[in-house]
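Engineer: Next comes query-v3.cif, mmCIF, C-alpha atoms:
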data_final
loop_
_atom_site.label_atom_id
_atom_site.label_comp_id
_atom_site.auth_asym_id
_atom_site.auth_seq_id
_atom_site.Cartn_x
_atom_site.Cartn_y
_atom_site.Cartn_z
CA MET A 1 7.39 18.33 -29.07
CA LEU A 2 7.37 15.26 -26.84
CA SER A 3 7.26 11.88 -28.52
CA ARG A 4 4.47 9.40 -27.84
CA SER A 5 6.89 7.08 -26.04
CA ALA A 6 8.01 9.93 -23.75
CA ILE A 7 4.38 10.79 -22.95
CA GLY A 8 3.67 7.11 -22.27
CA ARG A 9 6.63 6.81 -19.91
CA ALA A 10 5.58 9.95 -18.05
CA ALA A 11 2.02 8.68 -17.71
CA ARG A 12 3.20 5.31 -16.38
CA GLN A 13 5.52 6.98 -13.87
CA SER A 14 2.74 9.30 -12.71
CA TRP A 15 0.33 6.37 -12.33
CA GLN A 16 2.91 4.36 -10.36
CA GLN A 17 3.57 7.31 -8.03
CA GLN A 18 -0.16 7.80 -7.46
CA ARG A 19 -0.62 4.09 -6.87
CA ARG A 20 2.14 4.05 -4.25
CA GLY A 21 0.47 6.97 -2.52
CA LEU A 22 -2.97 5.39 -2.60
CA ALA A 23 -1.60 2.06 -1.39
CA ALA A 24 -0.79 3.55 2.00
CA PRO A 25 -3.42 2.25 4.43
CA ALA A 26 -4.27 5.61 5.97
CA SER A 27 -2.78 8.75 7.39
CA GLY A 28 -2.09 9.06 11.10
CA SER A 29 -5.25 11.16 11.56
CA PHE A 30 -7.34 8.03 11.09
CA GLN A 31 -5.88 6.36 14.16
CA TYR A 32 -8.15 6.25 17.21
CA GLN A 33 -6.89 7.39 20.59
CA THR A 34 -8.51 5.57 23.49
CA GLY A 35 -9.04 6.46 27.12
CA GLU A 36 -11.27 6.04 30.15
CA ALA A 37 -13.01 8.66 32.29
CA GLN A 38 -15.34 7.99 35.25
CA GLY A 39 -15.18 4.30 34.31
CA VAL A 40 -16.48 5.03 30.79
CA LYS A 41 -14.38 3.86 27.83
CA PHE A 42 -14.03 6.35 25.00
CA ALA A 43 -12.12 6.81 21.75
CA SER A 44 -11.61 9.65 19.31
CA ARG A 45 -9.80 10.60 16.15
CA ASP A 46 -9.33 14.27 15.41
CA ILE A 47 -10.07 14.38 11.69
CA PRO A 48 -9.53 17.93 10.35
CA GLY A 49 -12.77 19.74 9.58
CA PRO A 50 -15.49 21.92 11.08
CA VAL A 51 -17.92 19.09 11.88
CA GLY A 52 -17.72 16.56 14.70
CA THR A 53 -19.58 13.32 15.32
CA LEU A 54 -20.22 11.70 18.69
CA ALA A 55 -22.07 8.52 19.63
CA ILE A 56 -22.82 6.16 22.45
CA VAL A 57 -22.27 2.60 21.23
CA SER A 58 -23.97 0.12 23.55
CA GLN A 59 -23.95 -3.66 23.37
CA ALA A 60 -27.74 -3.54 23.40
CA GLY A 61 -28.47 -4.87 19.91
CA THR A 62 -31.06 -7.56 19.27
CA ARG A 63 -28.51 -10.22 20.18
CA PHE A 64 -28.46 -9.04 23.78
CA GLN A 65 -32.05 -7.90 24.34
CA THR A 66 -33.76 -9.64 27.25
CA ALA A 67 -37.19 -9.64 25.57
CA PRO A 68 -38.54 -9.06 22.03
CA GLY A 69 -38.75 -5.43 20.93
CA LEU A 70 -36.64 -3.85 23.67
CA THR A 71 -33.74 -2.86 21.42
CA GLU A 72 -35.99 -1.25 18.83
CA GLY A 73 -38.02 0.42 21.59
CA LEU A 74 -34.89 1.93 23.13
CA GLU A 75 -33.80 3.18 19.70
CA ARG A 76 -37.18 4.86 19.10
CA TYR A 77 -37.22 6.40 22.58
CA ALA A 78 -33.86 8.16 22.23
CA PHE A 79 -33.92 11.97 22.56
CA LYS A 80 -37.32 12.11 24.24
CA ASN A 81 -38.11 13.66 27.64
CA THR A 82 -35.31 13.66 30.21
CA GLU A 83 -35.30 14.97 33.77
CA ARG A 84 -33.85 18.28 32.53
CA ARG A 85 -35.17 18.69 29.00
CA THR A 86 -38.47 18.06 27.23
CA THR A 87 -38.56 16.48 23.79
CA LEU A 88 -39.44 19.86 22.30
CA ARG A 89 -36.51 21.58 24.00
CA ILE A 90 -34.07 18.92 22.75
CA GLN A 91 -35.39 19.35 19.22
CA ARG A 92 -35.32 23.15 19.36
CA GLU A 93 -31.83 23.44 20.83
CA SER A 94 -30.40 20.95 18.34
CA GLU A 95 -31.96 22.86 15.43
CA LEU A 96 -30.69 26.22 16.69
CA LEU A 97 -27.15 24.85 16.97
CA GLY A 98 -27.36 23.26 13.53
CA SER A 99 -27.00 19.51 14.00
CA THR A 100 -28.49 16.10 13.29
CA LEU A 101 -29.52 13.54 15.87
CA GLN A 102 -29.61 9.84 15.08
CA SER A 103 -30.30 6.46 16.64
CA TYR A 104 -30.22 3.01 15.08
CA HIS A 105 -29.53 -0.56 16.05
CA THR A 106 -27.76 -3.56 14.58
CA ARG A 107 -27.63 -7.17 15.70
CA GLU A 108 -25.06 -6.37 18.37
CA ASN A 109 -25.18 -2.64 19.01
CA LEU A 110 -27.45 0.27 19.78
CA VAL A 111 -25.99 3.54 18.50
CA VAL A 112 -27.26 6.92 19.72
CA GLY A 113 -25.39 9.95 18.50
CA ALA A 114 -25.20 13.37 16.89
CA LYS A 115 -23.34 15.29 14.19
CA PHE A 116 -22.64 18.95 14.95
CA PRO A 117 -20.23 21.91 14.60
CA ARG A 118 -17.18 20.74 16.53
CA ASP A 119 -17.16 23.77 18.85
CA ASP A 120 -20.48 22.56 20.31
CA LEU A 121 -18.97 19.34 21.70
CA PRO A 122 -19.77 20.15 25.38
CA TYR A 123 -23.49 20.50 24.70
CA PHE A 124 -23.77 17.19 22.88
CA VAL A 125 -21.72 15.24 25.42
CA GLU A 126 -24.12 16.56 28.07
CA LEU A 127 -27.15 15.71 25.91
CA LEU A 128 -26.00 12.12 25.33
CA ALA A 129 -25.32 11.76 29.06
CA GLU A 130 -28.90 12.86 29.75
CA VAL A 131 -30.27 10.40 27.18
CA ALA A 132 -28.33 7.59 28.84
CA THR A 133 -28.97 8.41 32.49
CA MET A 134 -31.99 10.73 32.79
CA THR A 135 -34.56 9.67 30.19
CA LYS A 136 -38.08 9.41 31.65
CA TYR A 137 -39.86 6.36 30.24
CA ARG A 138 -43.58 7.18 30.22
CA ARG A 139 -46.45 4.85 29.33
CA HIS A 140 -48.33 7.41 27.21
CA VAL A 141 -45.19 8.15 25.18
CA MET A 142 -44.74 4.41 24.57
CA ASN A 143 -48.35 3.97 23.47
CA GLU A 144 -48.69 7.15 21.42
CA GLU A 145 -45.25 7.75 19.90
CA VAL A 146 -43.09 4.62 20.03
CA LEU A 147 -45.34 1.59 19.46
CA PRO A 148 -47.27 3.04 16.45
CA VAL A 149 -43.98 3.81 14.63
CA MET A 150 -42.68 0.33 15.38
CA GLN A 151 -45.86 -1.26 14.06
CA MET A 152 -45.66 0.74 10.83
CA ASP A 153 -42.03 -0.31 10.41
CA HIS A 154 -42.98 -3.93 10.92
CA LYS A 155 -45.56 -3.72 8.13
CA LYS A 156 -42.90 -2.25 5.85
CA TYR A 157 -40.57 -5.10 6.77
CA LEU A 158 -43.22 -7.72 5.89
CA GLY A 159 -43.41 -6.29 2.36
CA ASN A 160 -39.67 -6.66 1.74
CA THR A 161 -38.91 -10.24 0.73
CA LEU A 162 -35.14 -9.71 0.61
CA GLU A 163 -35.01 -8.36 4.15
CA MET A 164 -37.20 -11.24 5.30
CA ALA A 165 -34.90 -13.76 3.61
CA ILE A 166 -31.78 -12.20 5.18
CA ASN A 167 -33.31 -12.30 8.67
CA SER A 168 -34.42 -15.86 8.05
CA ALA A 169 -30.90 -16.87 6.96
CA PHE A 170 -29.44 -15.41 10.16
CA GLY A 171 -32.01 -17.29 12.23
CA ILE A 172 -31.16 -20.55 10.46
CA ALA A 173 -27.43 -19.97 10.86
CA PHE A 174 -27.29 -18.90 14.50
CA HIS A 175 -30.72 -19.63 16.04
CA ARG A 176 -30.72 -17.32 19.09
CA GLY A 177 -28.31 -14.46 19.73
CA LEU A 178 -27.13 -13.24 16.32
CA GLY A 179 -30.06 -15.13 14.84
CA THR A 180 -32.60 -12.86 16.55
CA PRO A 181 -34.27 -10.81 13.77
CA LEU A 182 -33.46 -7.11 13.50
CA LYS A 183 -37.16 -6.39 13.10
CA LEU A 184 -40.10 -8.31 14.49
CA SER A 185 -42.96 -9.63 12.41
CA SER A 186 -46.49 -8.39 13.09
CA SER A 187 -47.32 -11.77 14.66
CA THR A 188 -44.84 -11.23 17.52
CA PRO A 189 -46.76 -10.11 20.65
CA ILE A 190 -44.52 -7.13 21.46
CA SER A 191 -47.12 -5.49 23.71
CA LYS A 192 -46.61 -8.42 26.07
CA TYR A 193 -42.92 -7.58 26.50
CA LEU A 194 -42.49 -3.93 25.53
CA THR A 195 -43.72 -1.74 28.39
CA ASP A 196 -42.39 1.46 29.87
CA ASP A 197 -41.13 -0.39 32.95
CA ALA A 198 -39.42 -3.10 30.88
CA LEU A 199 -37.77 -0.46 28.70
CA ALA A 200 -36.52 1.46 31.74
CA GLU A 201 -34.99 -1.72 33.16
CA TYR A 202 -33.33 -2.54 29.85
CA ALA A 203 -31.96 1.01 29.60
CA ALA A 204 -30.44 0.63 33.08
CA SER A 205 -28.43 -2.27 31.67
CA ALA A 206 -27.73 -0.86 28.19
CA TYR A 207 -26.43 2.45 29.56
CA ALA A 208 -24.38 1.03 32.44
CA LYS A 209 -20.65 1.81 32.18
CA PRO A 210 -19.49 -1.73 31.29
CA SER A 211 -22.09 -1.92 28.50
CA PHE A 212 -21.22 1.08 26.33
CA ALA A 213 -18.42 3.21 24.93
CA ILE A 214 -18.33 6.76 23.61
CA VAL A 215 -16.70 7.36 20.23
CA GLY A 216 -16.00 10.68 18.53
CA ASN A 217 -14.78 11.72 15.10
CA GLY A 218 -13.52 15.22 14.42
CA VAL A 219 -13.17 15.99 18.13
CA GLU A 220 -10.06 16.70 20.20
CA HIS A 221 -9.17 13.83 22.53
CA GLY A 222 -8.40 15.94 25.58
CA GLU A 223 -11.66 17.88 25.23
CA LEU A 224 -13.69 14.69 24.92
CA SER A 225 -11.99 13.25 28.00
CA LYS A 226 -12.78 16.43 29.96
CA TRP A 227 -16.49 16.47 29.15
CA VAL A 228 -17.03 12.72 29.51
CA ASN A 229 -15.45 12.98 32.94
CA GLU A 230 -17.85 15.80 33.86
CA PHE A 231 -21.15 14.56 32.45
CA PHE A 232 -21.06 10.76 32.71
CA ALA A 233 -20.31 10.45 36.41
CA GLU A 234 -23.94 9.46 37.14
CA ALA A 235 -24.05 6.51 34.72
CA PRO A 236 -24.70 3.20 36.56
CA SER A 237 -21.47 1.43 37.47
CA GLN A 238 -23.03 -2.01 36.88
CA PRO A 239 -25.92 -3.14 34.66
CA LEU A 240 -29.22 -3.93 36.31
CA GLN A 241 -29.15 -7.22 34.41
CA PRO A 242 -25.95 -8.36 32.64
CA LEU A 243 -26.28 -8.22 28.85
CA LYS A 244 -24.57 -11.46 27.96
CA SER A 245 -24.77 -13.91 25.11
CA GLU A 246 -23.18 -17.31 24.71
CA GLN A 247 -20.35 -17.87 22.25
CA THR A 248 -21.96 -17.89 18.82
CA LYS A 249 -22.45 -21.34 17.29
CA TYR A 250 -23.20 -21.96 13.62
CA PHE A 251 -25.97 -24.44 12.77
CA GLY A 252 -27.17 -24.19 9.15
CA GLY A 253 -30.35 -25.45 7.52
CA GLU A 254 -33.15 -24.32 5.22
CA GLU A 255 -36.37 -22.31 5.50
CA ARG A 256 -38.97 -21.53 2.86
CA ILE A 257 -41.59 -18.77 3.28
CA ALA A 258 -44.45 -18.22 0.82
CA HIS A 259 -44.93 -14.59 -0.21
CA ALA A 260 -46.94 -12.93 -2.97
CA GLY A 261 -45.03 -9.65 -3.01
CA GLY A 262 -41.70 -10.68 -4.52
CA ASN A 263 -39.00 -13.34 -4.69
CA SER A 264 -35.70 -13.60 -2.83
CA LEU A 265 -33.13 -16.29 -2.12
CA VAL A 266 -30.25 -16.00 0.35
CA LEU A 267 -27.35 -18.47 0.60
CA ALA A 268 -25.24 -18.08 3.73
CA PHE A 269 -22.03 -19.65 5.06
CA PRO A 270 -19.78 -19.19 8.12
CA GLY A 271 -17.76 -15.98 7.85
CA SER A 272 -15.39 -13.74 9.79
CA SER A 273 -15.59 -11.75 13.00
CA VAL A 274 -14.81 -8.03 13.17
CA PRO A 275 -11.12 -7.05 12.94
CA THR A 276 -11.06 -6.50 16.71
CA GLY A 277 -12.46 -10.00 17.33
CA SER A 278 -10.58 -13.25 17.83
CA PHE A 279 -12.04 -14.96 14.74
CA TYR A 280 -11.07 -12.39 12.12
CA LYS A 281 -10.43 -13.86 8.67
CA PRO A 282 -9.62 -11.19 6.06
CA GLU A 283 -9.75 -13.84 3.34
CA VAL A 284 -13.56 -13.92 3.71
CA SER A 285 -13.70 -10.31 2.48
CA VAL A 286 -11.53 -11.24 -0.49
CA LEU A 287 -13.84 -14.15 -1.31
CA ALA A 288 -16.84 -11.80 -1.09
CA ALA A 289 -15.14 -9.40 -3.53
CA LEU A 290 -14.23 -12.26 -5.86
CA LEU A 291 -17.80 -13.59 -5.97
CA GLY A 292 -19.22 -10.07 -5.98
CA GLY A 293 -22.27 -9.49 -8.13
CA GLN A 294 -22.32 -5.69 -8.14
CA THR A 295 -19.89 -3.86 -10.40
CA THR A 296 -17.83 -0.91 -9.19
CA ILE A 297 -17.00 0.31 -12.72
CA LYS A 298 -19.59 2.24 -14.71
CA TRP A 299 -20.73 0.69 -18.00
CA SER A 300 -18.98 -2.57 -17.18
CA PRO A 301 -20.30 -5.82 -15.64
CA GLY A 302 -17.09 -5.98 -13.62
CA PHE A 303 -14.65 -8.83 -13.03
CA SER A 304 -16.58 -10.66 -10.30
CA LEU A 305 -17.61 -14.23 -10.95
CA LEU A 306 -21.30 -13.70 -10.16
CA SER A 307 -21.63 -10.64 -12.39
CA LYS A 308 -20.35 -12.78 -15.26
CA ALA A 309 -22.59 -15.71 -14.32
CA THR A 310 -25.75 -13.56 -14.23
CA GLN A 311 -25.46 -11.63 -17.48
CA GLU A 312 -28.52 -13.46 -18.81
CA ALA A 313 -30.59 -12.03 -15.94
CA PRO A 314 -29.62 -8.32 -15.99
CA ASN A 315 -32.64 -7.20 -13.98
CA MET A 316 -31.91 -9.46 -11.04
CA HIS A 317 -30.16 -8.11 -7.95
CA ILE A 318 -27.29 -10.26 -6.72
CA ALA A 319 -24.63 -9.35 -4.15
CA THR A 320 -22.15 -11.04 -1.84
CA LYS A 321 -21.54 -9.58 1.62
CA SER A 322 -19.31 -10.39 4.56
CA ASN A 323 -21.34 -9.65 7.69
CA ILE A 324 -19.00 -9.28 10.65
CA PHE A 325 -19.68 -9.46 14.40
CA SER A 326 -17.69 -9.63 17.64
CA ASP A 327 -17.25 -13.42 17.72
CA ALA A 328 -18.58 -14.73 14.39
CA GLY A 329 -19.58 -13.74 10.88
CA LEU A 330 -21.84 -14.74 8.01
CA LEU A 331 -20.99 -14.68 4.31
CA THR A 332 -24.23 -14.08 2.41
CA ILE A 333 -25.11 -14.26 -1.27
CA GLU A 334 -28.45 -12.54 -1.82
CA MET A 335 -30.64 -12.75 -4.91
CA HIS A 336 -33.80 -10.76 -5.60
CA GLY A 337 -35.87 -10.74 -8.78
CA THR A 338 -38.29 -12.94 -10.63
CA ALA A 339 -38.64 -16.51 -9.42
CA SER A 340 -37.55 -17.88 -12.81
CA ASP A 341 -34.39 -15.73 -12.89
CA ILE A 342 -33.46 -16.84 -9.38
CA ARG A 343 -34.08 -20.48 -10.24
CA SER A 344 -31.83 -20.32 -13.31
CA THR A 345 -29.11 -18.27 -11.55
CA ALA A 346 -28.80 -20.11 -8.21
CA PRO A 347 -26.98 -23.17 -9.67
CA LYS A 348 -24.49 -20.83 -11.38
CA VAL A 349 -23.76 -19.24 -8.00
CA VAL A 350 -22.82 -22.61 -6.54
CA GLU A 351 -20.72 -23.39 -9.61
CA ALA A 352 -18.87 -20.10 -9.15
CA LEU A 353 -18.13 -21.03 -5.55
CA LYS A 354 -16.85 -24.43 -6.69
CA SER A 355 -14.58 -22.77 -9.25
CA VAL A 356 -13.00 -20.68 -6.47
CA ALA A 357 -12.39 -23.82 -4.41
CA GLN A 358 -10.54 -25.30 -7.39
CA GLY A 359 -8.53 -22.15 -8.08
CA VAL A 360 -8.92 -18.82 -9.85
CA SER A 361 -6.74 -16.85 -12.22
CA LYS A 362 -3.98 -14.75 -10.70
CA GLU A 363 -5.43 -11.61 -12.28
CA ASP A 364 -8.93 -12.15 -10.81
CA PHE A 365 -7.43 -12.87 -7.40
CA GLN A 366 -5.35 -9.68 -7.46
CA LYS A 367 -8.40 -7.65 -8.51
CA ALA A 368 -10.49 -9.17 -5.73
CA LYS A 369 -7.78 -8.56 -3.15
CA ALA A 370 -7.37 -4.94 -4.23
CA LEU A 371 -11.14 -4.36 -4.18
CA ALA A 372 -11.51 -5.97 -0.75
CA LYS A 373 -8.74 -3.78 0.65
CA PHE A 374 -10.28 -0.68 -0.91
CA LYS A 375 -13.70 -1.50 0.55
CA GLU A 376 -12.22 -2.06 4.01
CA LEU A 377 -10.37 1.26 3.84
CA GLU A 378 -13.46 3.04 2.56
CA TYR A 379 -15.65 1.39 5.20
CA GLY A 380 -13.24 2.24 8.02
CA GLN A 381 -12.95 5.83 6.82
CA GLU A 382 -16.71 6.32 6.92
CA THR A 383 -17.70 7.98 10.17
CA GLN A 384 -20.72 5.84 10.97
CA ALA A 385 -19.04 2.48 10.36
CA ALA A 386 -15.90 3.45 12.25
CA LEU A 387 -17.94 4.67 15.23
CA GLU A 388 -19.76 1.38 15.61
CA LEU A 389 -16.73 -0.86 15.01
CA THR A 390 -14.61 1.09 17.49
CA GLY A 391 -17.32 1.27 20.15
CA SER A 392 -18.05 -2.43 19.84
CA GLY A 393 -14.33 -3.24 20.00
CA LEU A 394 -13.92 -1.22 23.20
CA VAL A 395 -16.92 -2.85 24.88
CA HIS A 396 -16.09 -6.42 23.90
CA GLY A 397 -12.30 -6.43 24.03
CA ASN A 398 -11.06 -2.96 24.98
CA LYS A 399 -9.59 -2.59 21.50
CA ALA A 400 -10.35 0.19 19.02
CA TYR A 401 -10.78 -0.41 15.29
CA GLN A 402 -7.59 0.77 13.57
CA ILE A 403 -7.80 1.12 9.82
CA ASP A 404 -4.03 0.63 9.28
CA GLU A 405 -4.05 -2.78 10.96
CA VAL A 406 -6.95 -3.97 8.82
CA ALA A 407 -5.21 -2.88 5.63
CA LYS A 408 -2.05 -4.75 6.61
CA SER A 409 -4.02 -7.92 7.33
CA MET A 410 -5.48 -7.74 3.81
CA ASP A 411 -1.98 -7.72 2.36
CA GLY A 412 -1.34 -11.13 3.98
CA VAL A 413 -4.24 -12.92 2.26
CA THR A 414 -3.15 -15.66 -0.15
CA GLU A 415 -5.02 -17.52 -2.85
CA GLU A 416 -4.79 -20.74 -0.80
CA LYS A 417 -6.60 -19.13 2.13
CA VAL A 418 -9.44 -18.00 -0.13
CA LYS A 419 -9.68 -21.46 -1.71
CA GLN A 420 -9.88 -23.01 1.76
CA ILE A 421 -12.79 -20.77 2.79
CA ALA A 422 -14.66 -21.72 -0.39
CA LYS A 423 -14.03 -25.44 0.22
CA GLU A 424 -15.30 -25.21 3.79
CA ALA A 425 -18.45 -23.44 2.59
CA LEU A 426 -19.21 -26.22 0.10
CA GLU A 427 -18.38 -29.09 2.44
CA GLY A 428 -20.23 -27.73 5.47
CA ARG A 429 -23.88 -26.94 6.04
CA ALA A 430 -25.23 -23.90 4.26
CA SER A 431 -28.04 -21.66 5.54
CA VAL A 432 -30.59 -21.20 2.78
CA SER A 433 -33.74 -19.07 2.88
CA ALA A 434 -36.27 -18.73 0.06
CA VAL A 435 -39.11 -16.18 0.23
CA GLY A 436 -41.66 -15.84 -2.56
CA ASP A 437 -43.09 -18.28 -5.12
CA LEU A 438 -42.05 -21.56 -3.55
CA TYR A 439 -43.33 -23.54 -6.55
CA VAL A 440 -40.50 -22.06 -8.64
CA LEU A 441 -37.77 -21.12 -6.14
CA PRO A 442 -35.24 -23.95 -5.80
CA TYR A 443 -34.39 -26.06 -2.77
CA ALA A 444 -30.82 -26.10 -1.48
CA ALA A 445 -30.29 -29.70 -2.60
CA GLU A 446 -31.40 -28.84 -6.14
CA ILE A 447 -28.55 -26.37 -6.55
CA GLY A 448 -25.90 -28.56 -4.94
CA LEU A 449 -25.67 -27.31 -1.35
CA ASN A 450 -25.62 -29.31 1.87
CA VAL A 451 -28.06 -28.30 4.60
#
When written as structure tokens, how does the structure in this file appear?
Structural biologist:
Amino acid sequence: MLSRSAIGRAARQSWQQQRRGLAAPASGSFQYQTGEAQGVKFASRDIPGPVGTLAIVSQAGTRFQTAPGLTEGLERYAFKNTERRTTLRIQRESELLGSTLQSYHTRENLVVGAKFPRDDLPYFVELLAEVATMTKYRRHVMNEEVLPVMQMDHKKYLGNTLEMAINSAFGIAFHRGLGTPLKLSSSTPISKYLTDDALAEYAASAYAKPSFAIVGNGVEHGELSKWVNEFFAEAPSQPLQPLKSEQTKYFGGEERIAHAGGNSLVLAFPGSSVPTGSFYKPEVSVLAALLGGQTTIKWSPGFSLLSKATQEAPNMHIATKSNIFSDAGLLTIEMHGTASDIRSTAPKVVEALKSVAQGVSKEDFQKAKALAKFKELEYGQETQAALELTGSGLVHGNKAYQIDEVAKSMDGVTEEKVKQIAKEALEGRASVSAVGDLYVLPYAAEIGLNV
């Protein structure tokens, strides 16, 4: 019979071996191969499996739209009538092949793609080429199918105080460009700007070769190159109107919006760009993990400073996020709950940030660093996130998102770098948005922030 000490040693050795294996950033299969065909940039990684994913990633997010509502309109119009296929035919063929079609937008990108059995790659490359170059923008489709859905979505947005506060914080931080809201309020006169002709003109810019990239997961690189070369020859070589935005500048300030449907408070500070950008700061992700708010361990409040600071308000949502973009970023701390809980918790959030600026325990720092690295690896492994990051990197700097490089950059983060980010957040201007019961919700100055 083995002794307890022998069992303990074996367990420790097994754990150390597993840890060394898990510490490896990623296998080679997670590396993107890049190329260009017919002037179109593309990237792929051939992940083993029966399912492939393909998407057009265009720099046509709300940051780059030339008029309000165009990005969302283009998203809603994807996979409708083209010169070769009707909407019904697209739907029927996709269902018969067994696939999912998707379109969504972020502040910088419009993503139109599909997930399908990998042997059907030629069909879906052709379909995406048709969406990009042959869609017929009709007035009756706009009025009957696109605008009503957008208006319903806007009403849903106006009932979500947290989403309103986040959009408000971005507007305060960046004004135009990245500050443009993801969704418009019902008071925005979209019918003045969003017409079938305006959408067709915007599409001619969004789907021009310099404006988008094609990214695939679970597809063979040579096959993707072959079909992109065949089907994307007709894409415009230059945009009808260049989709440009000035270098992002951070401003800061405060906005308060009365709302009877809930209470939210968002504190925001300058953050990091995407890993493929020139302003990438991996220490911001470590600070976000250290502040935290949401536990990753079941039945435990977790190690994060905010989860410890908010134990007296267990029903309140609190989370720290590092929002990354091509040339800037925003570190946000979001709170949602009762007005009284937010009022009592907000000063503790600022105190937690001050404690980081003064120094944290070595154990908490190591936990935060490990969690930040894990989240980056998990995020980069996810198909949807990797598609967008890689497509955006190719469009903006001809550089694909490589998960190994991001993991290595995390290893170089020191406690001093994290402390410096926290100090800069406290000394600079914050972006603070309060939505809800303004009689109770605190002002930025009341919780110790500069605006």
Engineer: Considering all atoms listed in the file, return as a PyMOL selection string whatever protein or nucleic-acid residues lie within 12 Å of Asn229 (chain A), sequence-local ones (same chain, fewer than 3 positions apart) excluded.
Structural biologist: chain A and resi 35-42+122+125-126+129+214+222-226+232-235
Engineer: Point out the residue among A:Ser307, A:Thr195, A:Gln31, A:Ser433 with the least atom-to-atom distance to Met164 (chain A), counting only C-alpha atoms.
Structural biologist: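 Closest to Met164 (chain A), using only C-alpha atoms: A:Ser433.
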Engineer: Considering all atoms listed in the file, can you say which of A:Ile166, A:Val356, A:Leu128, A:Ile342 comes closest to Pro442 (chain A)?
Structural biologist: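 Of the candidates, the smallest distance to Pro442 (chain A) is held by A:Ile342.
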Engineer: Name the residues within 9 Å of (-27.6, -5.5, 34.8), counting all atoms listed in the file in the file's coordinates, and put them as a list in words.
Structural biologist: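 Protein and nucleic acid residues near the point are Glu201, Tyr202, Ala204, Ser205, Ala206, Ala208, Gln238, Pro239, Leu240, Gln241, Pro242 and Leu243 of chain A.
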Engineer: List the residues matched by the PyMOL selection byres ((chain A and resi 85) around 12) in the displayed structure as a tab-separated table (two decimals) with C-alpha atoms, in the coordinates of the input, ordered by chain and then by residue number.
Structural biologist:
chain	number	residue	atom	x	y	z
A	79	PHE	CA	-33.92	11.97	22.56
A	80	LYS	CA	-37.32	12.11	24.24
A	81	ASN	CA	-38.11	13.66	27.64
A	82	THR	CA	-35.31	13.66	30.21
A	83	GLU	CA	-35.30	14.97	33.77
A	84	ARG	CA	-33.85	18.28	32.53
A	86	THR	CA	-38.47	18.06	27.23
A	87	THR	CA	-38.56	16.48	23.79
A	88	LEU	CA	-39.44	19.86	22.30
A	89	ARG	CA	-36.51	21.58	24.00
A	90	ILE	CA	-34.07	18.92	22.75
A	91	GLN	CA	-35.39	19.35	19.22
A	92	ARG	CA	-35.32	23.15	19.36
A	93	GLU	CA	-31.83	23.44	20.83
A	94	SER	CA	-30.40	20.95	18.34
A	126	GLU	CA	-24.12	16.56	28.07
A	127	LEU	CA	-27.15	15.71	25.91
A	128	LEU	CA	-26.00	12.12	25.33
A	130	GLU	CA	-28.90	12.86	29.75
A	131	VAL	CA	-30.27	10.40	27.18
A	134	MET	CA	-31.99	10.73	32.79
A	135	THR	CA	-34.56	9.67	30.19
A	136	LYS	CA	-38.08	9.41	31.65
Engineer: Taking into account only C-alpha atoms, which residue in the set A:His396, A:Arg139, A:Lys408, A:Lys183 is nearest to Arg107 (chain A)?
Structural biologist: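 Closest residue, counting only C-alpha atoms: A:Lys183.
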Engineer: Would you list the contacts of Ala198 (chain A) as a list in words, taking every protein, DNA or RNA residue within 12 Å and counting all atoms listed in the file, but skipping same-chain residues closer than 5 positions in sequence?
Structural biologist: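 After dropping sequence-adjacent residues, the list is Gln65, Thr66, Ala67, Pro68, Gly69, Leu70, Thr71, Gly73, Leu74, Tyr137, Arg138, Arg139, Met142, Ile190, Ser191, Lys192, Tyr193, Ala203, Ala204, Ser205, Leu240 and Gln241 of chain A.
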Engineer: Check the smallest atom-to-atom distance from each of A:Leu394, A:Val284, A:Leu449, A:Leu158 to Ser409 (chain A) using all atoms listed in the file, then report the winner.
Structural biologist: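 Counting all atoms listed in the file, the residue closest to Ser409 (chain A) is A:Val284.
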Engineer: Expand the PyMOL selection byres ((chain A and resi 144-152) around 8) into the individual residues it matches in the shown file, reporting them as a list in words.
Structural biologist: Glu72, Gly73, Arg76, Tyr77, His140, Val141, Met142, Asn143, Asp153, His154, Lys155, Lys156 and Ser186 of chain A
Engineer: Taking (-18.0, -1.9, 27.2) in the file's own coordinates, collect the residues within 8 Å, counting only C-alpha atoms, and hand them back as number ranges by chain.
Structural biologist: A: 40-41, 58-59, 209-213, 391-392, 394-398
Engineer: Which one of A:Glu378, A:Glu424, A:Glu108, A:Glu388 sits closest to Leu182 (chain A) if you count only C-alpha atoms?
Structural biologist: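 Using only C-alpha atoms, Leu182 (chain A) sits closest to A:Glu108.
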